[in-house]
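The file structure.pdb contains PDB, C-alpha atoms:
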ATOM      1  CA  MET A  18     -90.780 -34.421 143.917
ATOM      2  CA  PRO A  19     -91.940 -33.859 147.505
ATOM      3  CA  GLU A  20     -88.832 -31.932 148.572
ATOM      4  CA  MET A  21     -89.250 -29.161 145.995
ATOM      5  CA  SER A  22     -92.248 -26.855 146.193
ATOM      6  CA  ASN A  23     -93.103 -24.233 143.574
ATOM      7  CA  LEU A  24     -91.682 -26.546 140.958
ATOM      8  CA  ASP A  25     -92.035 -24.171 138.006
ATOM      9  CA  SER A  26     -89.603 -21.731 139.675
ATOM     10  CA  TYR A  27     -86.717 -24.159 139.081
ATOM     11  CA  PRO A  28     -84.792 -24.614 135.835
ATOM     12  CA  PRO A  29     -86.117 -27.648 133.927
ATOM     13  CA  VAL A  30     -82.948 -29.683 134.491
ATOM     14  CA  PHE A  31     -83.602 -29.666 138.244
ATOM     15  CA  ARG A  32     -87.152 -30.940 137.809
ATOM     16  CA  GLN A  33     -85.890 -34.143 136.244
ATOM     17  CA  LEU A  34     -84.654 -36.313 139.061
ATOM     18  CA  SER A  35     -83.691 -39.334 137.039
ATOM     19  CA  GLY A  36     -82.347 -40.074 133.605
ATOM     20  CA  ALA A  37     -80.817 -36.624 133.090
ATOM     21  CA  PRO A  38     -77.419 -37.190 131.457
ATOM     22  CA  GLN A  39     -76.109 -33.860 132.667
ATOM     23  CA  ILE A  40     -76.734 -34.892 136.274
ATOM     24  CA  SER A  41     -75.504 -38.470 135.944
ATOM     25  CA  GLU A  42     -72.136 -37.117 134.829
ATOM     26  CA  LEU A  43     -71.691 -35.658 138.293
ATOM     27  CA  LYS A  44     -71.374 -39.132 139.791
ATOM     28  CA  ASN A  45     -67.713 -38.821 138.802
ATOM     29  CA  TYR A  46     -67.371 -36.586 141.857
ATOM     30  CA  SER A  47     -67.257 -38.730 144.992
ATOM     31  CA  MET A  48     -69.971 -38.021 147.536
ATOM     32  CA  GLU A  49     -68.417 -40.439 150.014
ATOM     33  CA  ASP A  50     -66.014 -37.936 151.606
ATOM     34  CA  THR A  51     -68.769 -36.426 153.714
ATOM     35  CA  ALA A  52     -67.820 -33.599 156.061
ATOM     36  CA  GLN A  53     -68.586 -34.836 159.568
ATOM     37  CA  ASP A  54     -67.043 -32.149 161.758
ATOM     38  CA  SER A  55     -67.852 -28.482 162.144
ATOM     39  CA  ALA A  56     -64.846 -26.261 161.520
ATOM     40  CA  PRO A  57     -63.737 -23.992 164.417
ATOM     41  CA  ILE A  58     -63.456 -21.037 162.043
ATOM     42  CA  PRO A  59     -61.399 -18.113 163.429
ATOM     43  CA  LEU A  60     -63.380 -15.025 164.422
ATOM     44  CA  VAL A  61     -62.319 -11.532 163.326
ATOM     45  CA  ASP A  62     -63.905  -8.387 164.767
ATOM     46  CA  LEU A  63     -63.910  -5.554 162.225
ATOM     47  CA  GLN A  64     -64.473  -2.873 164.871
ATOM     48  CA  CYS A  65     -61.503  -4.051 166.965
ATOM     49  CA  LEU A  66     -59.274  -5.447 164.233
ATOM     50  CA  ASN A  67     -56.445  -7.530 165.655
ATOM     51  CA  LEU A  68     -53.738  -7.810 162.982
ATOM     52  CA  ASP A  69     -52.138 -10.900 164.520
ATOM     53  CA  LYS A  70     -55.441 -12.815 164.625
ATOM     54  CA  LEU A  71     -56.266 -11.702 161.089
ATOM     55  CA  GLY A  72     -52.865 -12.842 159.803
ATOM     56  CA  GLU A  73     -53.116 -16.226 161.527
ATOM     57  CA  ALA A  74     -56.574 -16.831 160.044
ATOM     58  CA  CYS A  75     -55.370 -15.981 156.530
ATOM     59  CA  LYS A  76     -52.265 -18.182 156.819
ATOM     60  CA  ASP A  77     -53.733 -21.185 158.618
ATOM     61  CA  TRP A  78     -57.310 -21.272 157.337
ATOM     62  CA  GLY A  79     -57.736 -19.043 154.294
ATOM     63  CA  LEU A  80     -61.027 -17.805 155.711
ATOM     64  CA  PHE A  81     -62.618 -16.383 158.855
ATOM     65  CA  ARG A  82     -65.924 -15.292 160.315
ATOM     66  CA  LEU A  83     -66.405 -11.525 160.453
ATOM     67  CA  VAL A  84     -68.394  -9.925 163.271
ATOM     68  CA  ASN A  85     -69.244  -6.284 163.975
ATOM     69  CA  HIS A  86     -69.134  -5.640 160.235
ATOM     70  CA  GLY A  87     -71.480  -2.658 160.426
ATOM     71  CA  ILE A  88     -74.159  -3.890 157.993
ATOM     72  CA  PRO A  89     -77.578  -3.132 159.502
ATOM     73  CA  PRO A  90     -79.550  -6.322 160.288
ATOM     74  CA  SER A  91     -82.591  -4.657 158.687
ATOM     75  CA  LEU A  92     -80.751  -4.382 155.361
ATOM     76  CA  LEU A  93     -79.666  -8.028 155.503
ATOM     77  CA  GLY A  94     -83.231  -9.101 156.311
ATOM     78  CA  LYS A  95     -84.787  -7.084 153.477
ATOM     79  CA  LEU A  96     -82.185  -8.329 151.015
ATOM     80  CA  GLN A  97     -82.761 -11.968 151.950
ATOM     81  CA  ASP A  98     -86.545 -11.522 151.679
ATOM     82  CA  HIS A  99     -86.225 -10.012 148.188
ATOM     83  CA  VAL A 100     -83.879 -12.775 147.083
ATOM     84  CA  LYS A 101     -86.409 -15.430 148.107
ATOM     85  CA  LYS A 102     -89.262 -13.593 146.364
ATOM     86  CA  LEU A 103     -87.233 -13.156 143.201
ATOM     87  CA  PHE A 104     -86.175 -16.780 142.936
ATOM     88  CA  SER A 105     -89.725 -17.968 143.666
ATOM     89  CA  LEU A 106     -90.822 -16.491 140.314
ATOM     90  CA  SER A 107     -91.284 -18.979 137.509
ATOM     91  CA  PHE A 108     -88.189 -20.006 135.556
ATOM     92  CA  GLU A 109     -89.612 -18.363 132.435
ATOM     93  CA  SER A 110     -90.298 -15.103 134.298
ATOM     94  CA  LYS A 111     -86.756 -14.949 135.642
ATOM     95  CA  ARG A 112     -85.311 -15.524 132.182
ATOM     96  CA  ALA A 113     -87.441 -12.662 130.845
ATOM     97  CA  LEU A 114     -86.906 -10.209 133.722
ATOM     98  CA  LEU A 115     -83.251 -10.761 134.524
ATOM     99  CA  THR A 116     -81.214  -9.599 131.577
ATOM    100  CA  SER A 117     -77.947  -7.726 131.049
ATOM    101  CA  PRO A 118     -76.289  -6.340 133.109
ATOM    102  CA  LEU A 119     -77.886  -8.722 135.668
ATOM    103  CA  PRO A 120     -77.710 -12.129 133.956
ATOM    104  CA  TYR A 121     -79.633 -15.106 135.338
ATOM    105  CA  PHE A 122     -77.852 -18.478 135.093
ATOM    106  CA  TRP A 123     -78.169 -22.071 136.252
ATOM    107  CA  GLY A 124     -76.220 -25.324 136.244
ATOM    108  CA  THR A 125     -72.823 -23.637 136.586
ATOM    109  CA  PRO A 126     -71.265 -20.757 138.550
ATOM    110  CA  ALA A 127     -68.680 -20.286 135.757
ATOM    111  CA  LEU A 128     -69.576 -17.270 133.626
ATOM    112  CA  THR A 129     -67.897 -15.421 130.768
ATOM    113  CA  PRO A 130     -67.009 -11.735 131.325
ATOM    114  CA  SER A 131     -70.280 -10.843 129.580
ATOM    115  CA  GLY A 132     -72.260 -12.971 132.039
ATOM    116  CA  ALA A 133     -73.086 -15.962 129.831
ATOM    117  CA  ALA A 134     -72.859 -19.404 131.413
ATOM    118  CA  LEU A 135     -69.608 -21.162 130.567
ATOM    119  CA  ARG A 136     -70.431 -24.827 130.186
ATOM    120  CA  GLY A 137     -67.488 -27.209 130.406
ATOM    121  CA  ALA A 138     -67.525 -30.968 130.370
ATOM    122  CA  LEU A 139     -68.208 -31.631 134.059
ATOM    123  CA  ASN A 140     -69.539 -28.428 135.536
ATOM    124  CA  VAL A 141     -73.269 -29.018 136.014
ATOM    125  CA  ASN A 142     -73.886 -27.750 139.544
ATOM    126  CA  TRP A 143     -77.169 -27.974 141.441
ATOM    127  CA  LEU A 144     -77.735 -24.212 141.603
ATOM    128  CA  GLU A 145     -79.256 -21.194 139.929
ATOM    129  CA  GLY A 146     -78.051 -17.661 140.342
ATOM    130  CA  LEU A 147     -77.955 -13.999 139.504
ATOM    131  CA  SER A 148     -74.769 -12.059 138.753
ATOM    132  CA  VAL A 149     -74.647  -8.387 139.726
ATOM    133  CA  PRO A 150     -71.695  -6.252 138.522
ATOM    134  CA  LEU A 151     -72.041  -3.396 140.992
ATOM    135  CA  GLY A 152     -70.430  -0.847 138.666
ATOM    136  CA  GLN A 153     -73.207  -1.444 136.112
ATOM    137  CA  LEU A 154     -76.119  -1.759 138.521
ATOM    138  CA  SER A 155     -77.382   1.773 137.821
ATOM    139  CA  GLN A 156     -77.935   0.726 134.185
ATOM    140  CA  PHE A 157     -80.515  -1.838 135.265
ATOM    141  CA  GLN A 158     -83.877  -0.113 135.140
ATOM    142  CA  SER A 159     -87.137  -1.960 135.707
ATOM    143  CA  GLU A 160     -90.755  -0.923 135.980
ATOM    144  CA  ASP A 161     -91.315  -3.888 138.264
ATOM    145  CA  PRO A 162     -91.493  -2.448 141.844
ATOM    146  CA  MET A 163     -89.888  -5.530 143.406
ATOM    147  CA  LEU A 164     -86.907  -5.428 141.022
ATOM    148  CA  ASP A 165     -86.485  -1.696 141.466
ATOM    149  CA  CYS A 166     -86.445  -2.093 145.262
ATOM    150  CA  PHE A 167     -84.040  -5.024 144.912
ATOM    151  CA  ARG A 168     -81.654  -2.846 142.881
ATOM    152  CA  HIS A 169     -81.586  -0.182 145.593
ATOM    153  CA  LEU A 170     -80.947  -2.800 148.289
ATOM    154  CA  LEU A 171     -78.074  -4.259 146.251
ATOM    155  CA  GLU A 172     -76.542  -0.806 145.777
ATOM    156  CA  GLU A 173     -76.634  -0.146 149.522
ATOM    157  CA  TYR A 174     -75.305  -3.619 150.329
ATOM    158  CA  GLY A 175     -72.526  -3.254 147.749
ATOM    159  CA  LYS A 176     -71.297  -0.040 149.385
ATOM    160  CA  HIS A 177     -71.002  -1.822 152.725
ATOM    161  CA  LEU A 178     -69.113  -4.743 151.178
ATOM    162  CA  ALA A 179     -66.690  -2.410 149.364
ATOM    163  CA  ARG A 180     -66.004  -0.658 152.686
ATOM    164  CA  ILE A 181     -65.398  -3.974 154.444
ATOM    165  CA  ALA A 182     -63.179  -5.407 151.684
ATOM    166  CA  THR A 183     -61.043  -2.257 151.555
ATOM    167  CA  ALA A 184     -60.555  -2.204 155.335
ATOM    168  CA  LEU A 185     -59.602  -5.893 155.405
ATOM    169  CA  PHE A 186     -57.211  -5.609 152.456
ATOM    170  CA  GLU A 187     -55.452  -2.600 153.983
ATOM    171  CA  ALA A 188     -54.969  -4.563 157.219
ATOM    172  CA  MET A 189     -53.662  -7.575 155.285
ATOM    173  CA  ALA A 190     -51.263  -5.372 153.289
ATOM    174  CA  LYS A 191     -49.927  -4.008 156.573
ATOM    175  CA  ASN A 192     -49.485  -7.543 157.921
ATOM    176  CA  LEU A 193     -47.632  -8.588 154.773
ATOM    177  CA  ASN A 194     -45.461  -5.435 154.770
ATOM    178  CA  LEU A 195     -46.600  -4.589 151.261
ATOM    179  CA  GLY A 196     -45.347  -1.231 150.060
ATOM    180  CA  PRO A 197     -47.570   1.256 148.217
ATOM    181  CA  LYS A 198     -46.403  -0.055 144.825
ATOM    182  CA  GLN A 199     -47.084  -3.669 145.796
ATOM    183  CA  SER A 200     -50.580  -2.992 147.054
ATOM    184  CA  GLU A 201     -51.639  -0.222 144.655
ATOM    185  CA  SER A 202     -54.583  -1.228 142.435
ATOM    186  CA  LYS A 203     -54.538  -4.750 143.870
ATOM    187  CA  ILE A 204     -58.110  -4.286 145.021
ATOM    188  CA  ALA A 205     -60.428  -2.139 142.915
ATOM    189  CA  GLU A 206     -63.945  -1.264 144.054
ATOM    190  CA  SER A 207     -65.019  -0.969 140.393
ATOM    191  CA  THR A 208     -64.440  -4.718 139.912
ATOM    192  CA  GLY A 209     -66.788  -5.746 142.709
ATOM    193  CA  PHE A 210     -69.774  -7.896 141.945
ATOM    194  CA  ILE A 211     -72.393  -9.868 143.839
ATOM    195  CA  ARG A 212     -73.563 -13.365 143.044
ATOM    196  CA  VAL A 213     -76.854 -14.527 144.497
ATOM    197  CA  TYR A 214     -77.261 -18.308 144.572
ATOM    198  CA  ARG A 215     -80.202 -20.612 145.205
ATOM    199  CA  TYR A 216     -79.455 -24.288 145.771
ATOM    200  CA  PRO A 217     -82.616 -26.368 145.260
ATOM    201  CA  PRO A 218     -83.324 -29.246 147.646
ATOM    202  CA  GLY A 219     -84.047 -32.727 146.384
ATOM    203  CA  SER A 220     -83.254 -36.406 146.294
ATOM    204  CA  MET A 221     -80.311 -35.685 143.952
ATOM    205  CA  ALA A 222     -78.490 -34.570 147.108
ATOM    206  CA  GLY A 223     -76.728 -37.936 147.092
ATOM    207  CA  GLU A 224     -75.443 -37.523 143.545
ATOM    208  CA  ALA A 225     -74.978 -33.829 142.731
ATOM    209  CA  TRP A 226     -73.079 -30.972 144.338
ATOM    210  CA  GLY A 227     -74.563 -27.535 144.808
ATOM    211  CA  MET A 228     -71.119 -26.304 143.801
ATOM    212  CA  ILE A 229     -68.148 -28.560 143.133
ATOM    213  CA  ALA A 230     -64.850 -28.094 144.971
ATOM    214  CA  HIS A 231     -62.974 -24.985 143.849
ATOM    215  CA  THR A 232     -61.039 -21.930 144.990
ATOM    216  CA  ASP A 233     -62.245 -18.379 144.323
ATOM    217  CA  SER A 234     -60.359 -16.315 141.741
ATOM    218  CA  SER A 235     -60.869 -13.075 143.664
ATOM    219  CA  VAL A 236     -58.723 -11.047 146.027
ATOM    220  CA  LEU A 237     -61.407 -11.483 148.694
ATOM    221  CA  SER A 238     -64.829 -13.124 148.732
ATOM    222  CA  ILE A 239     -67.409 -12.248 151.384
ATOM    223  CA  VAL A 240     -70.255 -14.724 151.899
ATOM    224  CA  ASN A 241     -73.592 -14.060 153.541
ATOM    225  CA  GLN A 242     -75.211 -17.489 153.885
ATOM    226  CA  ASP A 243     -78.641 -18.337 155.250
ATOM    227  CA  GLN A 244     -79.207 -20.770 158.141
ATOM    228  CA  VAL A 245     -79.598 -23.938 156.045
ATOM    229  CA  GLY A 246     -75.878 -24.669 155.780
ATOM    230  CA  GLY A 247     -73.944 -26.739 153.259
ATOM    231  CA  LEU A 248     -70.676 -24.807 152.860
ATOM    232  CA  GLU A 249     -67.631 -27.049 153.409
ATOM    233  CA  ILE A 250     -63.896 -26.285 153.367
ATOM    234  CA  PHE A 251     -60.899 -28.556 152.768
ATOM    235  CA  ARG A 252     -58.255 -28.464 155.490
ATOM    236  CA  ASP A 253     -55.618 -30.986 156.582
ATOM    237  CA  ASN A 254     -56.942 -33.514 154.057
ATOM    238  CA  ASN A 255     -60.453 -33.364 155.525
ATOM    239  CA  TRP A 256     -63.700 -31.659 154.562
ATOM    240  CA  LEU A 257     -65.145 -29.559 157.376
ATOM    241  CA  LEU A 258     -68.572 -27.949 157.722
ATOM    242  CA  VAL A 259     -68.838 -24.166 157.976
ATOM    243  CA  ASN A 260     -71.980 -23.912 160.061
ATOM    244  CA  PRO A 261     -74.049 -20.733 159.641
ATOM    245  CA  ILE A 262     -74.048 -18.245 162.520
ATOM    246  CA  PRO A 263     -76.564 -15.356 162.390
ATOM    247  CA  ASN A 264     -75.213 -11.826 161.749
ATOM    248  CA  THR A 265     -71.760 -13.034 160.727
ATOM    249  CA  LEU A 266     -70.096 -13.027 157.321
ATOM    250  CA  VAL A 267     -67.603 -15.603 156.043
ATOM    251  CA  VAL A 268     -64.555 -14.064 154.340
ATOM    252  CA  HIS A 269     -62.515 -16.205 151.918
ATOM    253  CA  ILE A 270     -58.979 -15.505 150.740
ATOM    254  CA  GLY A 271     -59.005 -15.770 146.921
ATOM    255  CA  ASP A 272     -56.385 -16.815 144.380
ATOM    256  CA  MET A 273     -55.305 -13.224 143.710
ATOM    257  CA  MET A 274     -54.638 -12.606 147.405
ATOM    258  CA  GLN A 275     -52.640 -15.839 147.636
ATOM    259  CA  ALA A 276     -50.425 -14.678 144.766
ATOM    260  CA  ILE A 277     -50.108 -11.129 146.153
ATOM    261  CA  SER A 278     -49.009 -12.605 149.496
ATOM    262  CA  ASP A 279     -46.390 -14.903 147.896
ATOM    263  CA  ASP A 280     -48.408 -17.916 149.088
ATOM    264  CA  GLU A 281     -48.254 -16.718 152.692
ATOM    265  CA  TYR A 282     -52.057 -16.585 152.679
ATOM    266  CA  ILE A 283     -54.008 -19.518 151.253
ATOM    267  CA  SER A 284     -56.942 -19.535 148.858
ATOM    268  CA  VAL A 285     -59.143 -22.091 150.567
ATOM    269  CA  LYS A 286     -60.755 -24.912 148.589
ATOM    270  CA  HIS A 287     -64.470 -25.139 149.300
ATOM    271  CA  ARG A 288     -67.705 -26.646 148.006
ATOM    272  CA  VAL A 289     -71.450 -26.600 148.682
ATOM    273  CA  ARG A 290     -73.448 -29.698 149.536
ATOM    274  CA  VAL A 291     -77.106 -29.981 148.484
ATOM    275  CA  ASN A 292     -79.656 -30.261 151.308
ATOM    276  CA  LYS A 293     -82.289 -32.978 150.854
ATOM    277  CA  GLU A 294     -85.032 -31.080 152.663
ATOM    278  CA  GLU A 295     -84.489 -27.332 152.264
ATOM    279  CA  GLU A 296     -83.319 -24.946 149.596
ATOM    280  CA  ARG A 297     -80.318 -22.798 150.473
ATOM    281  CA  PHE A 298     -79.567 -19.161 149.604
ATOM    282  CA  SER A 299     -76.281 -17.298 149.731
ATOM    283  CA  ILE A 300     -75.256 -13.779 148.727
ATOM    284  CA  CYS A 301     -71.585 -13.547 147.804
ATOM    285  CA  TYR A 302     -69.384 -10.539 147.088
ATOM    286  CA  PHE A 303     -66.182 -10.811 145.043
ATOM    287  CA  VAL A 304     -63.566  -8.121 144.417
ATOM    288  CA  PHE A 305     -60.507  -8.196 142.131
ATOM    289  CA  PRO A 306     -57.397  -6.218 141.188
ATOM    290  CA  ALA A 307     -57.712  -3.379 138.683
ATOM    291  CA  GLU A 308     -57.745  -4.619 135.087
ATOM    292  CA  ASP A 309     -54.202  -3.490 134.215
ATOM    293  CA  SER A 310     -52.653  -4.202 137.625
ATOM    294  CA  VAL A 311     -49.751  -6.654 137.283
ATOM    295  CA  ILE A 312     -49.203  -9.097 140.145
ATOM    296  CA  HIS A 313     -45.510  -9.631 140.835
ATOM    297  CA  SER A 314     -44.579 -12.565 143.039
ATOM    298  CA  SER A 315     -41.541 -14.713 143.744
ATOM    299  CA  LYS A 316     -43.760 -17.768 143.258
ATOM    300  CA  TYR A 317     -45.514 -16.866 139.991
ATOM    301  CA  LYS A 318     -44.856 -15.356 136.569
ATOM    302  CA  PRO A 319     -46.077 -11.740 136.368
ATOM    303  CA  PHE A 320     -49.748 -11.703 135.380
ATOM    304  CA  THR A 321     -52.873  -9.564 135.451
ATOM    305  CA  TYR A 322     -56.288 -10.728 136.570
ATOM    306  CA  THR A 323     -57.333 -10.560 132.904
ATOM    307  CA  ASP A 324     -54.583 -13.073 132.067
ATOM    308  CA  PHE A 325     -55.767 -15.304 134.889
ATOM    309  CA  GLN A 326     -59.428 -15.047 133.905
ATOM    310  CA  GLU A 327     -58.684 -15.928 130.273
ATOM    311  CA  GLN A 328     -56.747 -19.018 131.372
ATOM    312  CA  VAL A 329     -59.546 -20.114 133.700
ATOM    313  CA  GLN A 330     -62.103 -19.729 130.891
ATOM    314  CA  LYS A 331     -59.910 -21.765 128.555
ATOM    315  CA  ASP A 332     -59.412 -24.558 131.089
ATOM    316  CA  THR A 333     -63.102 -24.677 131.971
ATOM    317  CA  LYS A 334     -64.065 -25.004 128.308
ATOM    318  CA  THR A 335     -61.476 -27.668 127.484
ATOM    319  CA  LEU A 336     -61.038 -29.591 130.746
ATOM    320  CA  GLY A 337     -64.357 -28.933 132.461
ATOM    321  CA  TYR A 338     -62.745 -27.391 135.534
ATOM    322  CA  LYS A 339     -60.497 -24.563 136.688
ATOM    323  CA  VAL A 340     -56.756 -25.202 137.140
ATOM    324  CA  GLY A 341     -56.039 -21.776 138.640
ATOM    325  CA  LEU A 342     -52.752 -20.498 140.053
ATOM    326  CA  GLN A 343     -50.859 -23.642 139.124
ATOM    327  CA  ARG A 344     -50.847 -22.389 135.510
ATOM    328  CA  PHE A 345     -48.735 -19.387 136.533
ATOM    329  CA  LYS A 346     -46.291 -21.103 138.918
ATOM    330  CA  LEU A 347     -42.593 -20.531 138.348
ATOM    331  CA  ASN A 348     -40.651 -23.739 137.771
TER     332      ASN A 348
END
The structure given in the file should be rewritten as structure tokens.
Amino acid sequence: MPEMSNLDSYPPVFRQLSGAPQISELKNYSMEDTAQDSAPIPLVDLQCLNLDKLGEACKDWGLFRLVNHGIPPSLLGKLQDHVKKLFSLSFESKRALLTSPLPYFWGTPALTPSGAALRGALNVNWLEGLSVPLGQLSQFQSEDPMLDCFRHLLEEYGKHLARIATALFEAMAKNLNLGPKQSESKIAESTGFIRVYRYPPGSMAGEAWGMIAHTDSSVLSIVNQDQVGGLEIFRDNNWLLVNPIPNTLVVHIGDMMQAISDDEYISVKHRVRVNKEEERFSICYFVFPAEDSVIHSSKYKPFTYTDFQEQVQKDTKTLGYKVGLQRFKLN
């Protein structure tokens, strides 16, 4: 496989380019609707936050690029370097080193609350990843110097992302005229976690998705992607490319924020396309409502994120995909 170097660093399923039943199943997902155009994603400046521009981006797009976010470029560079070093380890080494509370997974981004891969009927995705619940990160102790340094970088990065998510949510709550009761506990720093993804390159790029089309279950998701590209969003019945721009973050509205906003803000459908020549890395932050926080909406039955998560797990196991907010819609 000329496109993939360091072959033993990839999960075995990705080393088998032909005849793998798990991969052939993915042909059910059409690869013909190729995104041709680059999306003119709205730009939001965190240092000079314009509430009108922020509101328009959330309503019309469901995502935006964030600039002047205050994360030092040196931290982003070190984090990306450590991610590449970590994923270049052999598959067997990663399975041995990366254990609870930092589970290593592959073939699906759908995980149980404990971090185990949730394998439905159609959810083999061309990716491997690491899940990092930030509230439990201090429990992860390693004598390996690289892993120990990686933990410290993640802790520092997580603090920045919590700051950013809180500032954005407070601005959105103001835009939506949410009272203290409506917004209280709707975003909880303790729920924040980071997912680190590697999308291998390869000739399966014509048959498999890095990540199939979905919406995020979070309140907000904040994506730090490398320069390879592959993220696509669905808008006006078309798939559009979200081209990488250095030193910017991509912020997604999640399902919880859509429900909190009474569908005024949209949880954008997105996917990741495999690159034939280069592997792709992304570092994603997700944050949720507090566990016992009930979301009240004129569009949906009252529910907690725990209720939502349990339904998503059930649908993924039985149907092979997430149904999402539609399960909670009022008739």
From A:Pro261, A:Pro306, A:Gly72, A:Pro319, residue lying nearest Ser200 in chain A [only C-alpha atoms]:
A:Pro306
Set the distance at 8 Å and use all atoms listed in the file: which residues neighbour Asp77 in chain A once local chain neighbours fewer than 4 positions away are removed? I'd like the list as a ChimeraX atom specification.
/A:73,282-283
So that I have them on file, write out the residues from the current selection with C-alpha atoms, as an mmCIF file, in the frame of the given file.
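File written: out.cif
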data_model
loop_
_atom_site.group_PDB
_atom_site.id
_atom_site.type_symbol
_atom_site.label_atom_id
_atom_site.label_comp_id
_atom_site.auth_asym_id
_atom_site.auth_seq_id
_atom_site.Cartn_x
_atom_site.Cartn_y
_atom_site.Cartn_z
ATOM 1 C CA GLU A 73 -53.116 -16.226 161.527
ATOM 2 C CA TYR A 282 -52.057 -16.585 152.679
ATOM 3 C CA ILE A 283 -54.008 -19.518 151.253
#
Show which residues sit within 8 Å of range 181-194 of chain A, as a JSON list (two decimals) with C-alpha atoms, in the coordinates of the input. Count only C-alpha atoms, and ignore same-chain residues fewer than 4 positions away.
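Output below, filename out02.json:
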[["chain", "number", "residue", "atom", "x", "y", "z"],
["A", 68, "LEU", "CA", -53.74, -7.81, 162.98],
["A", 69, "ASP", "CA", -52.14, -10.90, 164.52],
["A", 71, "LEU", "CA", -56.27, -11.70, 161.09],
["A", 72, "GLY", "CA", -52.86, -12.84, 159.80],
["A", 86, "HIS", "CA", -69.13, -5.64, 160.24],
["A", 177, "HIS", "CA", -71.00, -1.82, 152.72],
["A", 200, "SER", "CA", -50.58, -2.99, 147.05],
["A", 204, "ILE", "CA", -58.11, -4.29, 145.02],
["A", 237, "LEU", "CA", -61.41, -11.48, 148.69],
["A", 278, "SER", "CA", -49.01, -12.60, 149.50],
["A", 304, "VAL", "CA", -63.57, -8.12, 144.42]]
Give me, as JSON, numbers by chain, all polymer residues having an atom no more than 10 Å from Gln97 in chain A, counting all atoms listed in the file and skipping those fewer than 6 positions away in the same chain.
{"A": [91, 103, 167, 213, 241, 242, 243, 298, 299, 300]}
For a quick check of understanding, using all atoms listed in the file, which of A:Leu24, A:Val340, A:Val30, A:Val289 has the smallest distance to Ser107 in chain A?
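Under the stated criterion, the closest residue is A:Leu24.
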